[in-house]
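Chemist: For reference, this is target_1.cif, and it has mmCIF, C-alpha atoms.
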data_model
#
loop_
_atom_site.label_atom_id
_atom_site.label_comp_id
_atom_site.auth_asym_id
_atom_site.auth_seq_id
_atom_site.Cartn_x
_atom_site.Cartn_y
_atom_site.Cartn_z
CA MET Q 119 12.65 26.53 11.63
CA PHE Q 120 11.77 22.84 11.40
CA LYS Q 121 14.76 21.04 9.86
CA VAL Q 122 14.33 17.80 7.91
CA GLY Q 123 17.21 15.53 6.92
CA ILE Q 124 16.76 12.99 4.12
CA SER Q 125 18.87 9.87 3.85
CA GLY Q 126 21.37 10.43 1.02
CA ASP Q 127 20.98 6.91 -0.30
CA LEU Q 128 17.53 7.94 -1.56
CA LEU Q 129 19.24 9.93 -4.32
CA ASN Q 130 19.74 8.17 -7.63
CA SER Q 131 22.88 8.24 -9.79
CA VAL Q 132 22.08 11.74 -11.11
CA ASN Q 133 21.39 13.03 -7.60
CA GLU Q 134 17.63 13.20 -7.98
CA PRO Q 135 15.17 11.79 -5.41
CA CYS Q 136 14.31 8.20 -6.27
CA PHE Q 137 10.71 8.94 -5.24
CA GLY Q 138 10.45 12.01 -7.49
CA PHE Q 139 10.20 15.69 -6.68
CA GLY Q 140 6.47 15.71 -5.90
CA PRO Q 141 6.68 15.27 -2.10
CA LEU Q 142 9.45 17.85 -1.79
CA ASN Q 143 7.54 20.38 -3.88
CA LEU Q 144 4.83 20.37 -1.24
CA LEU Q 145 7.29 21.84 1.26
CA LYS Q 146 9.70 23.88 -0.84
CA ASN Q 147 7.78 27.14 -0.42
CA ARG Q 148 7.27 26.73 3.31
CA ALA Q 149 9.34 29.34 5.13
CA ASP Q 150 9.21 27.29 8.33
CA PHE Q 151 10.77 24.15 6.76
CA GLU Q 152 14.37 23.50 5.77
CA ILE Q 153 15.18 20.29 3.89
CA SER Q 154 18.71 18.92 3.58
CA TRP Q 155 20.13 15.82 1.95
CA MET Q 156 22.44 13.81 4.18
CA ASP Q 157 25.72 12.24 3.08
CA LYS Q 158 25.20 9.21 0.81
CA THR Q 159 28.02 7.30 2.47
CA ILE Q 160 26.81 7.26 6.08
CA ASN Q 161 26.03 3.87 7.61
CA GLU Q 162 24.75 5.13 10.96
CA LEU Q 163 23.26 8.31 12.33
CA ASN Q 164 25.42 10.20 14.82
CA THR Q 165 24.83 12.81 17.52
CA GLU Q 166 25.63 15.68 15.15
CA MET Q 167 22.77 14.62 12.87
CA THR Q 168 20.26 14.11 15.66
CA SER Q 169 21.25 17.51 17.07
CA THR Q 170 20.80 19.20 13.68
CA PHE Q 171 17.49 17.80 12.45
CA ASP Q 172 13.99 17.76 13.91
CA ALA Q 173 12.98 14.96 11.54
CA ILE Q 174 14.90 12.40 9.49
CA LEU Q 175 13.58 10.40 6.54
CA LEU Q 176 15.74 7.30 6.86
CA ASN Q 177 16.47 4.58 4.34
CA LEU Q 178 19.36 2.15 5.00
CA PRO Q 179 21.51 3.88 7.66
CA LYS Q 180 21.04 2.62 11.21
CA ALA Q 181 19.69 4.64 14.12
CA ASN Q 182 21.23 3.18 17.27
CA ALA Q 183 21.14 4.35 20.87
CA ASP Q 184 24.55 6.06 20.48
CA CYS Q 185 23.17 8.62 18.04
CA ILE Q 186 20.85 10.02 20.73
CA SER Q 187 23.21 9.70 23.68
CA GLN Q 188 23.15 13.46 24.30
CA LEU Q 189 20.83 14.68 27.07
CA ASN Q 190 18.23 16.37 24.87
CA PRO Q 191 18.61 15.55 21.16
CA ARG Q 192 16.81 17.87 18.77
CA LEU Q 193 15.41 14.94 16.81
CA LYS Q 194 11.66 14.41 17.23
CA ILE Q 195 10.76 11.85 14.57
CA ILE Q 196 12.37 9.21 12.35
CA SER Q 197 10.36 8.08 9.35
CA ARG Q 198 11.59 4.84 7.81
CA PHE Q 199 11.41 4.74 4.02
CA GLY Q 200 9.92 1.24 3.99
CA VAL Q 201 8.19 -1.07 6.45
CA GLY Q 202 10.88 -2.64 8.64
CA PHE Q 203 12.17 -1.19 11.90
CA ASP Q 204 15.18 -3.49 12.26
CA THR Q 205 17.65 -0.66 11.55
CA VAL Q 206 16.23 1.51 14.34
CA ASP Q 207 16.66 0.96 18.08
CA ILE Q 208 13.00 1.39 18.95
CA GLU Q 209 13.45 1.11 22.71
CA ALA Q 210 16.17 3.76 22.72
CA MET Q 211 13.94 6.10 20.72
CA LYS Q 212 11.07 5.54 23.15
CA ARG Q 213 13.24 6.57 26.08
CA LYS Q 214 13.95 9.89 24.34
CA ASN Q 215 10.31 10.35 23.23
CA ILE Q 216 11.32 10.18 19.57
CA ILE Q 217 8.53 8.98 17.27
CA VAL Q 218 9.40 6.25 14.74
CA THR Q 219 7.12 5.71 11.75
CA ASN Q 220 7.24 3.79 8.49
CA THR Q 221 5.59 3.88 5.06
CA PRO Q 222 3.66 0.59 4.69
CA ASN Q 223 1.25 1.60 1.94
CA ALA Q 224 4.05 2.84 -0.30
CA VAL Q 225 5.59 -0.62 -0.68
CA ARG Q 226 2.66 -3.01 -0.20
CA ARG Q 227 1.83 -3.56 -3.87
CA PRO Q 228 5.40 -3.21 -5.26
CA VAL Q 229 6.80 -5.83 -2.85
CA ALA Q 230 3.92 -8.21 -3.51
CA VAL Q 231 4.43 -7.83 -7.27
CA ALA Q 232 8.19 -8.34 -6.87
CA ALA Q 233 7.61 -11.55 -4.88
CA LEU Q 234 5.30 -12.93 -7.57
CA THR Q 235 7.71 -11.88 -10.31
CA MET Q 236 10.50 -13.89 -8.70
CA ILE Q 237 8.21 -16.93 -8.38
CA PHE Q 238 7.22 -16.70 -12.05
CA ALA Q 239 10.87 -16.36 -13.05
CA ALA Q 240 11.91 -19.37 -10.94
CA ALA Q 241 9.01 -21.55 -12.10
CA GLY Q 242 9.61 -20.70 -15.75
CA LYS Q 243 13.40 -20.95 -15.44
CA ILE Q 244 13.58 -17.49 -17.00
CA PHE Q 245 17.11 -16.71 -15.82
CA GLN Q 246 18.47 -19.96 -17.25
CA LYS Q 247 16.67 -19.36 -20.53
CA ASP Q 248 18.05 -15.84 -20.67
CA ASN Q 249 21.54 -17.34 -20.41
CA LEU Q 250 20.72 -19.81 -23.21
CA VAL Q 251 19.75 -16.97 -25.53
CA ARG Q 252 22.87 -14.99 -24.71
CA ARG Q 253 25.04 -18.07 -25.37
CA ASN Q 254 23.15 -18.83 -28.60
CA ASP Q 255 22.10 -22.20 -27.15
CA TRP Q 256 18.34 -21.74 -27.55
CA ASN Q 257 17.98 -25.30 -28.88
CA GLU Q 258 18.75 -26.47 -25.33
CA ARG Q 259 15.51 -24.91 -24.05
CA THR Q 260 13.73 -28.29 -23.96
CA ASN Q 261 15.95 -29.17 -20.99
CA LEU Q 262 14.54 -26.15 -19.13
CA MET Q 263 10.80 -26.35 -19.63
CA GLY Q 264 9.85 -24.98 -16.22
CA THR Q 265 6.73 -25.85 -14.25
CA GLY Q 266 3.14 -24.65 -14.13
CA LEU Q 267 1.62 -23.21 -10.95
CA THR Q 268 -2.03 -24.27 -11.07
CA ARG Q 269 -1.32 -27.44 -9.06
CA LYS Q 270 1.26 -25.86 -6.79
CA VAL Q 271 0.99 -24.57 -3.23
CA LEU Q 272 2.26 -21.15 -2.17
CA GLY Q 273 3.38 -20.57 1.40
CA ILE Q 274 3.30 -17.08 2.95
CA VAL Q 275 5.18 -16.39 6.19
CA GLY Q 276 3.63 -13.24 7.60
CA ALA Q 277 0.15 -12.29 6.35
CA GLY Q 278 0.13 -8.63 7.32
CA ASN Q 279 0.01 -5.65 5.01
CA ILE Q 280 2.35 -6.98 2.29
CA GLY Q 281 1.52 -10.63 2.94
CA GLY Q 282 -2.19 -9.99 2.53
CA GLU Q 283 -1.58 -8.17 -0.74
CA THR Q 284 0.59 -11.06 -1.98
CA ILE Q 285 -2.17 -13.54 -1.14
CA LYS Q 286 -4.70 -11.38 -2.99
CA LEU Q 287 -2.57 -11.22 -6.14
CA SER Q 288 -1.57 -14.90 -6.00
CA LYS Q 289 -5.00 -16.51 -5.77
CA PRO Q 290 -5.56 -16.92 -9.54
CA PHE Q 291 -2.28 -18.75 -10.03
CA PHE Q 292 -2.03 -21.40 -7.28
CA LYS Q 293 -3.99 -24.45 -6.18
CA ASN Q 294 -3.77 -23.41 -2.52
CA ILE Q 295 -2.16 -20.68 -0.44
CA LEU Q 296 -0.94 -21.50 3.06
CA ALA Q 297 -0.14 -18.82 5.59
CA TYR Q 298 1.76 -18.80 8.85
CA ASP Q 299 0.95 -15.80 11.02
CA PRO Q 300 0.37 -16.16 14.79
CA PHE Q 301 -1.46 -12.81 14.84
CA LYS Q 302 -4.10 -13.82 12.27
CA SER Q 303 -7.07 -16.10 12.97
CA ASN Q 304 -8.32 -18.92 10.75
CA ASN Q 305 -11.27 -16.75 9.81
CA GLU Q 306 -9.17 -13.70 8.93
CA LEU Q 307 -6.91 -15.73 6.66
CA SER Q 308 -9.79 -17.61 5.09
CA LYS Q 309 -11.44 -14.31 4.12
CA ILE Q 310 -8.40 -13.30 2.08
CA GLY Q 311 -7.98 -16.71 0.48
CA ALA Q 312 -5.35 -18.47 2.63
CA ILE Q 313 -5.31 -21.51 4.91
CA LYS Q 314 -3.78 -21.01 8.37
CA VAL Q 315 -1.02 -23.53 9.20
CA ASP Q 316 1.94 -23.71 11.54
CA LEU Q 317 5.42 -22.90 10.31
CA TYR Q 318 6.65 -26.44 9.82
CA GLU Q 319 3.48 -27.55 8.05
CA LEU Q 320 3.98 -24.65 5.67
CA ALA Q 321 7.58 -25.76 5.09
CA THR Q 322 6.43 -29.32 4.37
CA LYS Q 323 3.53 -28.60 2.04
CA SER Q 324 4.58 -25.51 0.08
CA ASP Q 325 6.18 -25.59 -3.36
CA PHE Q 326 7.11 -21.90 -3.14
CA ILE Q 327 7.57 -19.85 0.02
CA VAL Q 328 7.64 -16.07 0.44
CA ILE Q 329 8.82 -14.59 3.76
CA LEU Q 330 7.07 -11.29 4.47
CA CYS Q 331 7.27 -10.82 8.23
CA ASN Q 332 9.22 -8.11 10.01
CA LEU Q 333 12.76 -8.89 11.13
CA ASP Q 334 12.77 -8.39 14.91
CA LYS Q 335 13.71 -10.22 18.09
CA ASN Q 336 10.71 -12.54 17.70
CA THR Q 337 11.42 -13.56 14.10
CA LYS Q 338 15.22 -13.48 13.91
CA GLY Q 339 16.46 -17.02 13.30
CA MET Q 340 12.94 -18.33 12.70
CA ILE Q 341 13.94 -19.65 9.27
CA ASN Q 342 16.79 -21.93 10.31
CA SER Q 343 18.41 -25.21 9.26
CA ASP Q 344 15.52 -27.21 10.78
CA PHE Q 345 13.10 -25.38 8.50
CA PHE Q 346 15.04 -26.39 5.40
CA GLN Q 347 15.51 -30.01 6.48
CA ILE Q 348 11.82 -30.77 6.90
#
Any chance you could put this one into structure tokens?
Modeler:
Amino acid sequence: MFKVGISGDLLNSVNEPCFGFGPLNLLKNRADFEISWMDKTINELNTEMTSTFDAILLNLPKANADCISQLNPRLKIISRFGVGFDTVDIEAMKRKNIIVTNTPNAVRRPVAVAALTMIFAAAGKIFQKDNLVRRNDWNERTNLMGTGLTRKVLGIVGAGNIGGETIKLSKPFFKNILAYDPFKSNNELSKIGAIKVDLYELATKSDFIVILCNLDKNTKGMINSDFFQI
């Protein structure tokens, strides 16, 4: 029996999967699979969980080295519900031959759309105008006219899967799109509609900035006080 544990924080307020029942229906009639929902309140995996399940679909709880401290944990794979690996000790998992995967295609378009939505809301001062309406002060709206984007510059930090999608969706709205990504060439970025720059040039020239790189040991602290003082 192959046992799968699913992170409890993927259940909504009525205890239904936030991603729908479709994926689970594919496995429900399999006699060789057993699917269990884990406790909603856990913050970290422990040795009991990694001894119980062959696979874990993980959302927010952390998977540290302590949870696989036993000699031969049963766990074979962790699948992150998202794109980041910052909640999983990758090196510890490697030492135990545990596979760690993510779900990049599932969030590429939604995150790009969310980033643009926040830019539109900030540029149009939507939140402030919402407050005006709720206070019955709509006549004050001329003090909150917002700003257009056609002459503005968008900066993208990290032009990978989600960053590339954000660039693609943003091209009709901005004058220029700058991108900082040490793993992408000038030619690669030019093909998707962005101009390659270094991090501080991006900070200097961008009117709006979206950070879309992974959080890891190479990027932690990259956006610091120096970045904001440029």
Chemist: Using the chain letters and numbering of this document, enumerate as an MDAnalysis selection string the residues selected by the PyMOL selection byres ((chain Q and resi 274-284) around 8).
Modeler: chainID Q and resid 222:223 225:227 229:231 233:234 272:273 285:288 295:299 302 307 310 317 327:332
Chemist: Taking only C-alpha atoms into account, name the residue in Q:Ala224, Q:Ala149, Q:Ile195, Q:Ile160 that is nearest to Phe137 (chain Q).
Modeler: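 Counting only C-alpha atoms, the residue closest to Phe137 (chain Q) is Q:Ala224.
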Chemist: Give me the residues near Asn249 (chain Q) as a VMD selection string, where near means some atom within 12 Å (using only C-alpha atoms) and where sequence neighbours in that chain fewer than 5 positions away do not count.
Modeler: chain Q and resid 243 to 244 254 to 256 258 to 259 262
Chemist: Can you tell me which residues surround Val122 (chain Q) at a distance of at most 7 Å, considering only C-alpha atoms, apart from same-chain residues fewer than 3 positions away, and format the answer as a PyMOL selection string?
Modeler: chain Q and resi 152-154+171-174
Chemist: Any idea what's packed within 10 Å of Thr322 (chain Q), counting all atoms listed in the file, ignoring anything in its chain fewer than 4 positions away? Could you give it as number ranges by chain?
Modeler: Q: 273, 317-318, 345-348
Chemist: For the file shown, what are the residues hit by the PyMOL selection byres ((chain Q and resi 184) around 12), laid out as number ranges by chain?
Modeler: Q: 162-168, 180-183, 185-189, 191, 206-207, 210-211, 214
Chemist: Tell me which residues the PyMOL selection byres ((chain Q and resi 178) around 10) grabs here, as a list of chain:residue names.
Modeler: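 For this structure, the PyMOL selection byres ((chain Q and resi 178) around 10) captures Q:Ser125, Q:Gly126, Q:Asp127, Q:Leu128, Q:Ile160, Q:Asn161, Q:Glu162, Q:Leu176, Q:Asn177, Q:Pro179, Q:Lys180, Q:Ala181, Q:Arg198, Q:Phe199, Q:Gly200, Q:Thr205, Q:Val206.
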Chemist: Using the selection just defined, write its residues with C-alpha atoms as a compact mmCIF listing (two decimals), in the frame of the given file.
Modeler:
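Result file part38.txt:
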# COMPACT_ATOMS: atom_id res chain seq x y z
CA SER Q 125 18.87 9.87 3.85
CA GLY Q 126 21.37 10.43 1.02
CA ASP Q 127 20.98 6.91 -0.30
CA LEU Q 128 17.53 7.94 -1.56
CA ILE Q 160 26.81 7.26 6.08
CA ASN Q 161 26.03 3.87 7.61
CA GLU Q 162 24.75 5.13 10.96
CA LEU Q 176 15.74 7.30 6.86
CA ASN Q 177 16.47 4.58 4.34
CA PRO Q 179 21.51 3.88 7.66
CA LYS Q 180 21.04 2.62 11.21
CA ALA Q 181 19.69 4.64 14.12
CA ARG Q 198 11.59 4.84 7.81
CA PHE Q 199 11.41 4.74 4.02
CA GLY Q 200 9.92 1.24 3.99
CA THR Q 205 17.65 -0.66 11.55
CA VAL Q 206 16.23 1.51 14.34
Chemist: Can you work out the spacing between CA of Met236 (chain Q) and CA of Ala312 (chain Q) in Å, to one decimal?
Modeler: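 According to the coordinates, CA of Met236 (chain Q) and CA of Ala312 (chain Q) are separated by 20.0 Å.
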Chemist: Between CA of Lys270 (chain Q) and CA of Ala232 (chain Q), what is the distance, to one decimal in Å?
Modeler: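 We find that CA of Lys270 (chain Q) and CA of Ala232 (chain Q) lie 18.8 Å from each other.
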Chemist: Which residue out of Q:Thr268, Q:Asn261, Q:Ser303, Q:Thr337 has the minimum interatomic distance to Pro290 (chain Q) when all atoms listed in the file are used?
Modeler: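 With all atoms listed in the file as the atom set, the closest residue is Q:Thr268.
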Chemist: Between CA of Gly202 (chain Q) and CA of Gly123 (chain Q), what is the distance, to one decimal in Å?
Modeler: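 CA of Gly202 (chain Q) sits 19.3 Å away from CA of Gly123 (chain Q).
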Chemist: Which is closer to Gly264 (chain Q) than all the others in Q:Val315, Q:Val251, Q:Val218, Q:Ala239, using all atoms listed in the file?
Modeler: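 Ranked by minimum distance to Gly264 (chain Q), first place goes to Q:Ala239.
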Chemist: Please list as a PyMOL selection string every residue within 7 Å of Phe151 (chain Q), counting all atoms listed in the file and excluding residues in the same chain fewer than 2 positions away.
Modeler: chain Q and resi 119-121+145+148-149+153
Chemist: Take every atom of region 314-331 of chain Q listed in the file, pad by 3 Å on each side, and give me the axis-aligned box centre and edge lengths in Å, one decimal, as lines of an AutoDock Vina configuration file.
Modeler:
center_x = 2.5
center_y = -20.1
center_z = 4.1
size_x = 18.6
size_y = 24.5
size_z = 20.9
Chemist: For a quick check of understanding, using all atoms listed in the file, which of Q:Leu267, Q:Ala240, Q:Asp204, Q:Asn305 has the smallest distance to Lys289 (chain Q)?
Modeler: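 Of Q:Leu267, Q:Ala240, Q:Asp204, Q:Asn305, the one nearest Lys289 (chain Q), counting all atoms listed in the file, is Q:Leu267.
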